[in-house]
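Okay, so here's the structure we're looking at.
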Amino acid sequence: MDQIFLDPGFISAASWKELGDLQQSLGFSVLFVVLFASNMLIGHNMIPSFIASRHISETWGRVRPVLYAFAIVCFALAMFFIQRATDHAGVLRNFWPDYWM
């Protein structure tokens with residue numbers, strides 16, 4: 001019977017650096033997804049609702065394209081960091097051959 005051990009092997013300094021890059025990429029992807037979602041929520045939901053209820057003036061409607069543009073940039077950066085994280089995820093095989101457990 002084949003036993004699977006969950007103890008990782010030796011981790012070299014290069015692997016630690018790549019693990020740090022992986023963690024940094026995952027953190028940045030979460031940050032940019034949150035920024036994307038908050039800008040879309042403000043620009044697509046809150047501002048029109050506040051304008052319709054007359055809590056803010058209609059001039060705030062000019063801010064919406066800026067929020068949309070920033071949301072698109074944040075989404076693109078999130079996709080970049082997710083792709084970068086998948087590239088760095090291969091380092092896990094160096095010391096943990098069965099990391100999908």
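Simple scheme: letters A, B, ... for chains in structure tokens order, numbers from 1 for residues in each chain, numbers from 1 for ligands in the order shown.
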Give me the residues near His44 of chain A as a PyMOL selection string, where near means some atom within 12 Å (using only C-alpha atoms) and where sequence neighbours in that chain fewer than 5 positions away do not count.
chain A and resi 36-39+49-51+61+63-68+71
If we count only C-alpha atoms, what is near segment 23-34 of chain A at a cut-off of 9 Å, once residues fewer than 6 positions away on the same chain are taken out, given as a list in words?
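Counting only C-alpha atoms, the residues come to Ala71, Val73, Cys74, Phe75, Ala76, Leu77, Ala78, Met79, Phe80, Phe81, Ile82, Gln83, Arg84, Ala85 and His88 of chain A.
Residue nearest Ala89 of chain A within the list A:Ser57, A:Ser15, A:Ala52, A:Met40: A:Ser15 [criterion: smallest interatomic distance, only C-alpha atoms].
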Once DSSP has gone over the backbone, tell me which residues of chain A are in helix (DSSP H, G or I), as an MDAnalysis selection string.
chainID A and resid 13:52 58:95
